[in-house]
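Engineer: Please see the structure below; I have some questions.
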Amino acid sequence: MKYSERTISSEYLYQGRILKLRRDLVLLQNGKNVFREIIEHKGAAACLVLTPENKLIFVRQYRHPYKEEILEFPAGRLEKDEEPEKTIIRELQEEVGIKPLKIEKIGRIYPSPGYTDEIIHLYFTENYQNFISSLDEDEFLDTLEIPIKEAFNLLEEGKIVDSKTIVLLLKCKDRLLGRFK
């Protein structure tokens, strides 16, 4: 059986620089009306970068909602009318100082489909050249190169908690660990 909901009305409760909060009144298939609160987000792109030394490039940065530093793969928000591949190329240049020469789309994820329309596009690269990084003025992060096996150990130990990073690691697991056979 296929389920759907029909939107009867929508109203914006908040419109910010990064997101918008919308409340929709929807009609369910059983004839009842309910409200759905939706965070609209332009989306993001993230990339697993494999170095020639079989290390993965991570960034460690403070994330205010969690009040802690998070270890994650380089990523960034899509700008208005920007294609995801352009976003991640820009972010890799800004955050970690590399310019991909070849980039592969790995997939996409819906990080929290119960309340947001955000889509994170996932990429992989191992073919890049060094570039001069230029962080945004409100961006503070450390770049780390972590050996593949150590990255998977950190994942198993619960030290990598960022969903896009976990998904990228797992989607690329066979490719990465296959280098040690």
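For the structure tokens, the naming scheme is as follows: chains receive sequential letters (A, B, ...) according to their order of presentation, residues are indexed from 1 within each chain, and ligands are indexed from 1 in presentation order.
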Name the residues in contact with Tyr115 of chain A at a cut-off of 10 Å, using only C-alpha atoms, excluding same-chain residues fewer than 3 positions from it; report them as a list in words.

Structural biologist: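 So, after excluding close chain neighbours, the residues are Leu21, Arg22, Arg36, Glu37, Ile38, Ile39, Glu40, Pro111, Ser112 and Glu118 of chain A.
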
Engineer: If DSSP is run on the backbone, what residues of segment 28-166 of chain A are strand (DSSP E)? A reply as an MDAnalysis selection string would be ideal.

Structural biologist: chainID A and resid 33:41 44:49 55:63 68:72 75:77 98:109 120:130 141:147

Engineer: List the neighbours of Arg17 of chain A out to 12 Å using only C-alpha atoms; skip same-chain residues closer than 2 positions along the sequence, and give me the result as a ChimeraX atom specification.

Structural biologist: /A:14-15,19-21,40-42,77,79-80

Engineer: Residues at most 10 Å from Ile103 of chain A, counting only C-alpha atoms, excluding those fewer than 3 positions away in the same chain, as a ChimeraX atom specification?

Structural biologist: /A:47-49,85,88-89,99-100,106,123-128

Engineer: For the selection you just gave me, I'd like the residues written to a file as a CSV table (one decimal), in the first residue's frame, keeping N, CA and C atoms.

Structural biologist:
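Dumped everything to selection11.csv:
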```csv
chain,number,residue,atom,x,y,z
A,47,CYS,N,32.4,14.8,1.8
A,47,CYS,CA,33.3,14.0,0.9
A,47,CYS,C,34.3,13.2,1.8
A,48,LEU,N,34.5,12.0,1.5
A,48,LEU,CA,35.5,11.1,2.0
A,48,LEU,C,36.7,11.3,1.1
A,49,VAL,N,37.8,11.8,1.7
A,49,VAL,CA,39.0,12.1,0.9
A,49,VAL,C,40.1,11.1,1.4
A,85,GLU,N,27.9,18.9,-6.3
A,85,GLU,CA,29.3,18.7,-6.6
A,85,GLU,C,30.1,20.0,-6.6
A,88,ILE,N,30.8,20.7,-2.8
A,88,ILE,CA,31.8,20.0,-2.1
A,88,ILE,C,33.2,20.3,-2.6
A,89,ILE,N,33.3,20.7,-3.9
A,89,ILE,CA,34.6,21.1,-4.4
A,89,ILE,C,35.0,22.4,-3.7
A,99,LYS,N,42.0,20.5,-4.1
A,99,LYS,CA,41.1,20.7,-5.2
A,99,LYS,C,41.0,19.3,-5.9
A,100,PRO,N,39.8,18.7,-5.8
A,100,PRO,CA,39.6,17.4,-6.5
A,100,PRO,C,39.8,17.5,-8.0
A,106,ILE,N,28.8,9.1,-4.3
A,106,ILE,CA,28.6,7.8,-3.6
A,106,ILE,C,27.1,7.6,-3.3
A,123,TYR,N,30.2,12.1,-1.4
A,123,TYR,CA,31.2,12.0,-2.5
A,123,TYR,C,32.5,11.3,-1.9
A,124,PHE,N,33.3,10.9,-2.9
A,124,PHE,CA,34.6,10.2,-2.6
A,124,PHE,C,35.6,10.8,-3.6
A,125,THR,N,36.8,11.1,-3.1
A,125,THR,CA,37.9,11.5,-4.0
A,125,THR,C,39.2,11.0,-3.4
A,126,GLU,N,40.1,10.6,-4.3
A,126,GLU,CA,41.5,10.2,-4.0
A,126,GLU,C,42.4,10.9,-5.0
A,127,ASN,N,41.8,11.6,-5.9
A,127,ASN,CA,42.6,12.3,-7.0
A,127,ASN,C,42.4,13.8,-6.8
A,128,TYR,N,43.4,14.4,-6.3
A,128,TYR,CA,43.3,15.8,-6.0
A,128,TYR,C,44.7,16.5,-6.0
```

Engineer: Enumerate the residues of chain A with a DSSP assignment of helix (DSSP H, G or I), computed from the backbone, and present them as number ranges by chain.

Structural biologist: A: 64-66, 84-96, 148-156, 163-171, 173-180

Engineer: Once you have the residues from the selection above, write them out as a short mmCIF file (atom, residue, chain, number, x, y, z; two decimals), in the first residue's frame, restricted to N, CA and C atoms.

Structural biologist:
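Result file out_35.cif:
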```
data_model
loop_
_atom_site.label_atom_id
_atom_site.label_comp_id
_atom_site.auth_asym_id
_atom_site.auth_seq_id
_atom_site.Cartn_x
_atom_site.Cartn_y
_atom_site.Cartn_z
N HIS A 64 27.99 23.73 18.11
CA HIS A 64 27.26 24.35 19.21
C HIS A 64 26.04 23.57 19.70
N PRO A 65 25.21 22.98 18.82
CA PRO A 65 24.04 22.27 19.34
C PRO A 65 24.40 21.15 20.32
N TYR A 66 25.57 20.55 20.15
CA TYR A 66 26.00 19.44 21.02
C TYR A 66 26.99 19.88 22.09
N PRO A 84 25.33 20.23 -5.90
CA PRO A 84 26.07 19.61 -4.80
C PRO A 84 27.55 19.37 -5.10
N GLU A 85 27.88 18.94 -6.31
CA GLU A 85 29.30 18.69 -6.64
C GLU A 85 30.12 19.98 -6.56
N LYS A 86 29.55 21.08 -6.99
CA LYS A 86 30.24 22.37 -6.88
C LYS A 86 30.43 22.75 -5.41
N THR A 87 29.42 22.43 -4.59
CA THR A 87 29.49 22.73 -3.16
C THR A 87 30.67 22.01 -2.52
N ILE A 88 30.79 20.71 -2.77
CA ILE A 88 31.85 19.96 -2.09
C ILE A 88 33.21 20.34 -2.63
N ILE A 89 33.33 20.66 -3.88
CA ILE A 89 34.61 21.12 -4.42
C ILE A 89 35.02 22.42 -3.74
N ARG A 90 34.07 23.34 -3.60
CA ARG A 90 34.34 24.61 -2.90
C ARG A 90 34.73 24.36 -1.45
N GLU A 91 33.98 23.51 -0.77
CA GLU A 91 34.25 23.25 0.64
C GLU A 91 35.60 22.57 0.85
N LEU A 92 35.97 21.66 -0.02
CA LEU A 92 37.28 21.00 0.11
C LEU A 92 38.40 22.01 -0.06
N GLN A 93 38.23 22.95 -0.97
CA GLN A 93 39.24 23.99 -1.15
C GLN A 93 39.32 24.87 0.09
N GLU A 94 38.15 25.31 0.60
CA GLU A 94 38.12 26.21 1.75
C GLU A 94 38.59 25.54 3.03
N GLU A 95 38.06 24.35 3.33
CA GLU A 95 38.30 23.72 4.63
C GLU A 95 39.63 22.99 4.73
N VAL A 96 39.99 22.22 3.71
CA VAL A 96 41.17 21.36 3.84
C VAL A 96 42.27 21.64 2.82
N ILE A 148 43.25 4.58 7.72
CA ILE A 148 41.96 3.93 7.48
C ILE A 148 41.54 3.04 8.65
N LYS A 149 42.44 2.14 9.06
CA LYS A 149 42.07 1.20 10.14
C LYS A 149 41.77 1.94 11.44
N GLU A 150 42.51 2.99 11.72
CA GLU A 150 42.25 3.77 12.92
C GLU A 150 40.88 4.45 12.85
N ALA A 151 40.50 4.91 11.66
CA ALA A 151 39.19 5.54 11.49
C ALA A 151 38.08 4.54 11.80
N PHE A 152 38.22 3.31 11.33
CA PHE A 152 37.20 2.31 11.63
C PHE A 152 37.20 1.93 13.11
N ASN A 153 38.37 1.95 13.75
CA ASN A 153 38.43 1.73 15.20
C ASN A 153 37.69 2.84 15.94
N LEU A 154 37.90 4.10 15.52
CA LEU A 154 37.20 5.22 16.14
C LEU A 154 35.68 5.08 15.98
N LEU A 155 35.27 4.59 14.82
CA LEU A 155 33.85 4.35 14.58
C LEU A 155 33.33 3.28 15.55
N GLU A 156 34.03 2.18 15.66
CA GLU A 156 33.62 1.09 16.56
C GLU A 156 33.59 1.54 18.02
N SER A 163 26.54 11.56 11.50
CA SER A 163 25.86 10.60 10.63
C SER A 163 26.42 10.56 9.20
N LYS A 164 26.71 11.70 8.61
CA LYS A 164 27.21 11.68 7.23
C LYS A 164 28.57 11.01 7.16
N THR A 165 29.38 11.18 8.18
CA THR A 165 30.70 10.56 8.23
C THR A 165 30.56 9.05 8.41
N ILE A 166 29.68 8.63 9.28
CA ILE A 166 29.44 7.20 9.50
C ILE A 166 28.96 6.54 8.21
N VAL A 167 27.99 7.16 7.55
CA VAL A 167 27.45 6.57 6.32
C VAL A 167 28.52 6.49 5.25
N LEU A 168 29.30 7.54 5.07
CA LEU A 168 30.36 7.51 4.06
C LEU A 168 31.40 6.44 4.37
N LEU A 169 31.79 6.33 5.62
CA LEU A 169 32.75 5.28 6.00
C LEU A 169 32.20 3.90 5.67
N LEU A 170 30.96 3.66 6.03
CA LEU A 170 30.38 2.34 5.79
C LEU A 170 30.14 2.06 4.31
N LYS A 171 29.71 3.08 3.57
CA LYS A 171 29.49 2.88 2.13
C LYS A 171 30.80 2.61 1.39
N LYS A 173 33.50 1.16 2.90
CA LYS A 173 34.27 0.21 3.72
C LYS A 173 35.02 -0.83 2.89
N ASP A 174 34.34 -1.52 2.00
CA ASP A 174 35.00 -2.55 1.20
C ASP A 174 36.13 -1.98 0.36
N ARG A 175 35.89 -0.83 -0.23
CA ARG A 175 36.91 -0.17 -1.06
C ARG A 175 38.13 0.19 -0.20
N LEU A 176 37.88 0.73 0.97
CA LEU A 176 38.98 1.18 1.84
C LEU A 176 39.74 0.01 2.45
N LEU A 177 39.02 -0.93 3.03
CA LEU A 177 39.68 -2.04 3.69
C LEU A 177 40.27 -3.04 2.70
N GLY A 178 39.77 -3.03 1.47
CA GLY A 178 40.32 -3.89 0.42
C GLY A 178 41.76 -3.57 0.08
N ARG A 179 42.23 -2.40 0.47
CA ARG A 179 43.61 -1.99 0.20
C ARG A 179 44.61 -2.76 1.06
N PHE A 180 44.10 -3.48 2.06
CA PHE A 180 44.99 -4.17 3.00
C PHE A 180 44.97 -5.69 2.81
#
```

Engineer: I need the residue nearest Gly158 of chain A from this list: A:Lys105, A:Tyr110, A:Leu78, A:Ile70. Use only C-alpha atoms for the distance.

Structural biologist: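 Closest residue, counting only C-alpha atoms: A:Ile70.
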
Engineer: Work out how far atom CA of Phe140 of chain A is from atom CA of Lys55 of chain A, in Å to one decimal.

Structural biologist: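 Distance between the two atoms: 22.0 Å.
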
Engineer: Nearest to Asp162 of chain A: which of A:Thr143, A:Ser9, A:Thr116, A:Gln61 is it, counting only C-alpha atoms?

Structural biologist: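 Among A:Thr143, A:Ser9, A:Thr116, A:Gln61, it is A:Gln61 that comes nearest to Asp162 of chain A.
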
Engineer: From the options A:His121, A:Lys67, A:Arg108, A:Lys102, which residue's atoms come nearest to Glu83 of chain A, counting only C-alpha atoms?

Structural biologist: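 Under the stated criterion, the closest residue is A:His121.
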
Engineer: So how many Å separate atom CA of Leu28 of chain A and atom CA of Met1 of chain A, to one decimal?

Structural biologist: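 So the answer is 14.2 Å.
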
Engineer: For Ile8 of chain A, find every residue with an atom within 7 Å (counting only C-alpha atoms), except residues of its own chain fewer than 5 positions away, and show them as an MDAnalysis selection string.

Structural biologist: chainID A and resid 25:27

Engineer: At what distance in Å, to one decimal, does atom CA of Arg23 of chain A lie from atom CA of Gly114 of chain A?

Structural biologist: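 Distance between the two atoms: 13.0 Å.
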